[in-house]
file run29.txt (compact mmCIF, C-alpha atoms)
# COMPACT_ATOMS: atom_id res chain seq x y z
CA MET A 129 30.03 -2.11 15.00
CA GLU A 130 28.53 1.28 14.16
CA LYS A 131 30.13 3.11 11.25
CA GLN A 132 32.13 6.18 12.20
CA LYS A 133 30.41 9.38 11.13
CA THR A 134 32.20 11.96 8.96
CA PHE A 135 31.73 15.69 8.53
CA LEU A 136 33.11 18.07 5.93
CA GLU A 137 33.28 21.74 6.91
CA ILE A 138 34.11 24.20 4.13
CA GLY A 139 35.00 27.67 5.38
CA THR A 140 35.67 27.07 9.06
CA SER A 141 37.46 30.14 10.40
CA ASP A 142 38.67 28.97 13.84
CA PHE A 143 35.59 29.42 16.02
CA ASN A 144 32.12 27.87 16.16
CA THR A 145 33.45 24.93 14.15
CA LEU A 146 32.18 21.36 13.98
CA LEU A 147 35.20 20.09 15.94
CA PRO A 148 33.10 19.27 19.05
CA LEU A 149 31.63 16.39 17.00
CA CYS A 150 35.08 14.77 17.06
CA LYS A 151 34.77 14.47 20.82
CA ASN A 152 31.75 12.25 20.18
CA GLY A 153 33.50 9.84 17.85
CA TRP A 154 33.20 11.68 14.52
CA ARG A 155 36.08 12.31 12.13
CA GLY A 156 36.27 15.54 10.20
CA ILE A 157 37.79 17.38 7.27
CA LEU A 158 37.98 21.14 7.74
CA VAL A 159 38.80 23.45 4.82
CA GLU A 160 40.12 26.93 5.68
CA PRO A 161 42.06 29.09 3.18
CA ILE A 162 43.44 31.68 5.63
CA PRO A 163 46.82 30.33 6.86
CA LEU A 164 46.64 31.72 10.41
CA LEU A 165 43.16 30.32 11.01
CA ALA A 166 44.11 26.93 9.57
CA GLU A 167 47.13 26.80 11.86
CA ASN A 168 44.96 27.65 14.88
CA LEU A 169 42.72 24.71 14.01
CA ARG A 170 45.68 22.35 13.68
CA LYS A 171 46.97 23.40 17.10
CA GLU A 172 43.58 22.82 18.70
CA ILE A 173 43.23 19.39 17.05
CA ALA A 174 46.72 18.34 18.17
CA ALA A 175 46.20 19.63 21.73
CA GLU A 176 42.95 17.70 22.15
CA GLY A 177 43.90 14.61 20.14
CA LEU A 178 40.96 14.93 17.77
CA GLN A 179 40.50 12.85 14.62
CA ALA A 180 40.36 15.64 12.07
CA THR A 181 42.29 16.96 9.09
CA VAL A 182 42.75 20.63 8.20
CA LEU A 183 43.25 21.65 4.57
CA ASN A 184 44.69 25.14 4.08
CA MET A 185 42.97 25.93 0.78
CA ALA A 186 39.64 27.01 -0.69
CA ILE A 187 36.93 25.00 -2.40
CA SER A 188 35.60 26.61 -5.57
CA ASP A 189 34.39 25.83 -9.10
CA HIS A 190 37.87 25.07 -10.51
CA ASP A 191 41.21 23.55 -9.56
CA GLY A 192 44.18 25.91 -9.22
CA GLU A 193 44.25 29.28 -7.49
CA LEU A 194 41.90 32.14 -6.73
CA GLN A 195 42.04 35.63 -5.29
CA MET A 196 40.66 36.32 -1.85
CA ARG A 197 40.18 39.45 0.19
CA LYS A 198 41.57 38.61 3.63
CA ILE A 199 40.38 40.45 6.69
CA VAL A 200 43.15 42.66 8.09
CA GLY A 201 43.82 43.21 11.76
CA HIS A 202 42.72 40.14 13.75
CA GLU A 203 46.35 38.97 13.99
CA TYR A 204 47.12 41.95 16.23
CA LEU A 205 44.21 41.83 18.66
CA GLY A 206 45.48 38.98 20.82
CA LEU A 207 42.56 36.86 19.60
CA ILE A 208 44.48 34.33 17.55
CA GLY A 209 44.58 31.36 19.91
CA SER A 210 42.25 28.41 20.26
CA VAL A 211 41.30 29.38 23.85
CA GLU A 212 39.58 32.56 22.67
CA SER A 213 38.02 30.67 19.78
CA ARG A 214 36.58 27.95 22.01
CA CYS A 215 35.14 30.54 24.38
CA LEU A 216 33.08 31.97 21.51
CA VAL A 217 31.09 28.74 21.22
CA SER A 218 28.99 29.78 24.23
CA THR A 219 29.12 33.52 23.55
CA PRO A 220 25.83 35.16 22.47
CA VAL A 221 25.81 36.79 19.05
CA GLY A 222 25.90 40.56 19.49
CA SER A 223 27.70 40.46 22.84
CA GLU A 224 30.91 42.40 23.40
CA ALA A 225 32.98 39.21 23.39
CA PHE A 226 31.44 38.08 20.10
CA GLU A 227 32.10 41.47 18.51
CA LYS A 228 35.81 41.01 19.24
CA VAL A 229 36.03 37.78 17.28
CA TRP A 230 33.29 37.31 14.69
CA PHE A 231 34.98 39.31 11.93
CA LYS A 232 37.85 36.79 11.72
CA GLY A 233 35.52 34.78 9.49
CA THR A 234 34.69 37.51 6.95
CA SER A 235 37.49 36.94 4.39
CA TYR A 236 35.92 36.17 1.03
CA VAL A 237 36.59 35.21 -2.57
CA ASP A 238 37.16 38.26 -4.79
CA LEU A 239 34.85 37.58 -7.73
CA SER A 240 35.90 40.81 -9.42
CA LYS A 241 38.95 38.90 -10.67
CA THR A 242 36.64 36.69 -12.75
CA GLY A 243 34.61 39.53 -14.18
CA GLU A 244 31.68 38.87 -11.87
CA SER A 245 30.19 41.24 -9.36
CA TYR A 246 30.98 40.65 -5.71
CA GLY A 247 29.90 42.02 -2.38
CA ILE A 248 31.83 42.88 0.74
CA PRO A 249 30.19 42.13 4.09
CA ALA A 250 28.42 45.35 4.99
CA ASP A 251 30.47 46.70 7.87
CA GLY A 252 32.54 49.87 7.57
CA ARG A 253 34.88 48.76 10.37
CA LEU A 254 36.41 46.04 8.21
CA SER A 255 39.39 46.33 5.88
CA PHE A 256 40.88 43.70 3.57
CA GLU A 257 43.99 42.80 1.61
CA GLU A 258 44.36 40.71 -1.55
CA ILE A 259 45.89 37.24 -1.26
CA THR A 260 46.17 34.26 -3.60
CA VAL A 261 45.19 30.83 -2.29
CA LYS A 262 45.14 27.31 -3.68
CA CYS A 263 41.73 25.91 -4.51
CA MET A 264 40.05 22.79 -5.83
CA LYS A 265 36.56 21.65 -6.75
CA LEU A 266 34.52 19.61 -4.30
CA ASN A 267 34.68 16.67 -6.72
CA THR A 268 38.48 16.89 -6.67
CA LEU A 269 38.55 16.98 -2.87
CA ILE A 270 36.42 13.83 -2.66
CA GLU A 271 38.61 12.02 -5.20
CA THR A 272 41.90 13.17 -3.66
CA PHE A 273 41.02 12.11 -0.14
CA ASP A 274 39.08 8.99 -1.16
CA ILE A 275 35.92 10.07 0.65
CA HIS A 276 33.11 7.53 0.40
CA ASP A 277 30.40 9.06 2.57
CA ILE A 278 29.63 12.33 4.34
CA ASP A 279 27.12 12.51 7.16
CA LEU A 280 27.20 16.31 7.52
CA MET A 281 28.53 18.94 5.13
CA GLN A 282 28.61 22.59 6.17
CA ILE A 283 29.48 25.40 3.73
CA ASP A 284 30.03 28.96 4.97
CA VAL A 285 32.12 30.91 2.46
CA GLU A 286 30.71 34.44 2.45
CA GLY A 287 28.71 34.27 -0.76
CA HIS A 288 30.76 31.71 -2.73
CA GLU A 289 28.52 28.78 -1.78
CA LEU A 290 26.81 28.29 -5.14
CA HIS A 291 30.12 28.32 -7.01
CA ILE A 292 30.98 25.23 -4.98
CA LEU A 293 27.63 23.47 -5.23
CA GLU A 294 26.89 24.18 -8.89
CA SER A 295 30.18 22.59 -9.94
CA TYR A 296 29.58 19.48 -7.80
CA ASP A 297 28.01 16.39 -9.37
CA PHE A 298 26.68 14.95 -6.08
CA ARG A 299 28.53 11.68 -6.61
CA ILE A 300 28.20 11.50 -2.83
CA HIS A 301 25.05 12.82 -1.19
CA PRO A 302 25.88 14.16 2.26
CA MET A 303 23.05 13.08 4.55
CA ILE A 304 22.69 16.62 5.94
CA VAL A 305 23.83 19.80 4.17
CA LYS A 306 23.97 23.20 5.86
CA VAL A 307 24.66 26.17 3.57
CA GLU A 308 24.89 29.81 4.61
CA HIS A 309 22.77 32.08 2.42
CA GLU A 310 23.34 35.43 4.17
CA HIS A 311 25.63 36.90 1.48
CA MET A 312 23.91 35.53 -1.62
CA SER A 313 22.38 38.87 -2.63
CA ALA A 314 25.76 40.60 -2.49
CA ASN A 315 26.87 38.32 -5.31
CA GLY A 316 23.73 38.67 -7.38
CA ARG A 317 22.23 35.35 -6.26
CA ASP A 318 19.38 34.32 -4.01
CA LEU A 319 18.78 31.70 -1.34
CA LYS A 320 16.11 30.27 -3.66
CA ASP A 321 18.96 29.21 -5.96
CA ILE A 322 20.40 27.08 -3.16
CA VAL A 323 17.01 25.60 -2.31
CA LYS A 324 16.32 24.71 -5.96
CA LEU A 325 19.74 23.10 -6.40
CA LEU A 326 19.35 20.97 -3.28
CA GLU A 327 15.79 19.94 -4.13
CA ASN A 328 16.87 19.01 -7.66
CA ASN A 329 19.35 16.64 -6.00
CA LYS A 330 16.67 14.93 -3.92
CA TYR A 331 17.02 16.92 -0.70
CA GLN A 332 14.22 18.08 1.53
CA THR A 333 14.99 21.66 2.51
CA PHE A 334 14.13 24.20 5.15
CA VAL A 335 15.38 27.74 5.61
CA GLU A 336 16.52 29.59 8.71
CA GLU A 337 17.57 33.23 9.05
CA LYS A 338 21.10 32.72 7.73
CA ASP A 339 21.24 29.10 6.56
CA VAL A 340 19.55 26.58 4.27
CA TYR A 341 19.40 22.94 5.40
CA GLY A 342 19.07 19.95 3.12
CA ILE A 343 18.12 16.48 4.40
CA TYR A 344 18.76 13.54 2.06
call {"tool": "encode", "arguments": {"input": "run29.txt", "output": "structure tokens"}}
result
Amino acid sequence: MEKQKTFLEIGTSDFNTLLPLCKNGWRGILVEPIPLLAENLRKEIAAEGLQATVLNMAISDHDGELQMRKIVGHEYLGLIGSVESRCLVSTPVGSEAFEKVWFKGTSYVDLSKTGESYGIPADGRLSFEEITVKCMKLNTLIETFDIHDIDLMQIDVEGHELHILESYDFRIHPMIVKVEHEHMSANGRDLKDIVKLLENNKYQTFVEEKDVYGIY
């Protein structure tokens, strides 16, 4: 019998997620720190009977809490349900429909609270509010949930990606890793830092416009 495949998605928002894999026999763990978006995911999973778990927290370089800047406004646009989110899967980037939804995923970790520089996604239409969320290291997540293998790990956390990866000991090597690099420069880092880290952990890498892929 073929082993069931597992994905770990860190920073999901509630659209363009990996949940469609669950319809093909995968099981998933989705990590989303914004309560409303995590609840939307849970509703979609329950409605479709998918084998997936949603964790309403952040993954970072420590266990405890961290400050985030949460996007303000999407709760009031009538775009908070899973129907609208699912429709975005086939919506072209840059289209009017996409413009109504994409910014739900722009909340980010406020590194100014740690004395580091941080960058806000460059769009003057966006406004944010400070919130405190629970967080844990990737090592802690793997230990807590007794994860033994990961076939696909996706990390999209608006510039906080290296904080997660640099504190991970790669006790488990996900077979495929996809890491967004679009906001690296806003936090004083570079996509080359992600490539070097992955290659140092025995991954073959290739780079696309917004993401770095690692194949183990």
call {"tool": "residues_around", "arguments": {"input": "run29.txt", "residues": "Gly139 of chain A", "least_positions_apart": "4", "cutoff": "8 Å", "atoms": "only C-alpha atoms", "output": "PyMOL selection string"}}
result
chain A and resi 158-161+186+283-285
call {"tool": "residues_around", "arguments": {"input": "run29.txt", "residues": "Glu289 of chain A", "least_positions_apart": "6", "cutoff": "10 Å", "atoms": "only C-alpha atoms", "output": "PyMOL selection string"}}
result
chain A and resi 138-139+187-189+283+307-309+311-312+322
call {"tool": "residues_around", "arguments": {"input": "run29.txt", "residues": "segment 179-184 of chain A", "least_positions_apart": "2", "cutoff": "9 Å", "atoms": "only C-alpha atoms", "output": "PyMOL selection string"}}
result
chain A and resi 147+150-151+153-163+165-167+169-170+173+177+186+261-262
call {"tool": "closest_residue", "arguments": {"input": "run29.txt", "among": "A:Leu326, A:Cys263, A:Leu146, A:Leu269", "to": "Gln282 of chain A", "atoms": "all atoms listed in the file"}}
result
A:Leu146
call {"tool": "closest_residue", "arguments": {"input": "run29.txt", "among": "A:Glu337, A:Glu130, A:Glu286, A:Glu257", "to": "Gln195 of chain A", "atoms": "only C-alpha atoms"}}
result
A:Glu257
call {"tool": "closest_residue", "arguments": {"input": "run29.txt", "among": "A:Ile300, A:Leu178, A:Met196, A:Val340", "to": "Asn152 of chain A", "atoms": "all atoms listed in the file"}}
result
A:Leu178
call {"tool": "closest_residue", "arguments": {"input": "run29.txt", "among": "A:Leu266, A:Leu319, A:Leu149, A:Val305", "to": "Gly287 of chain A", "atoms": "only C-alpha atoms"}}
result
A:Leu319
call {"tool": "closest_residue", "arguments": {"input": "run29.txt", "among": "A:Ile199, A:Leu293, A:Leu194, A:Met303", "to": "Leu164 of chain A", "atoms": "only C-alpha atoms"}}
result
A:Ile199
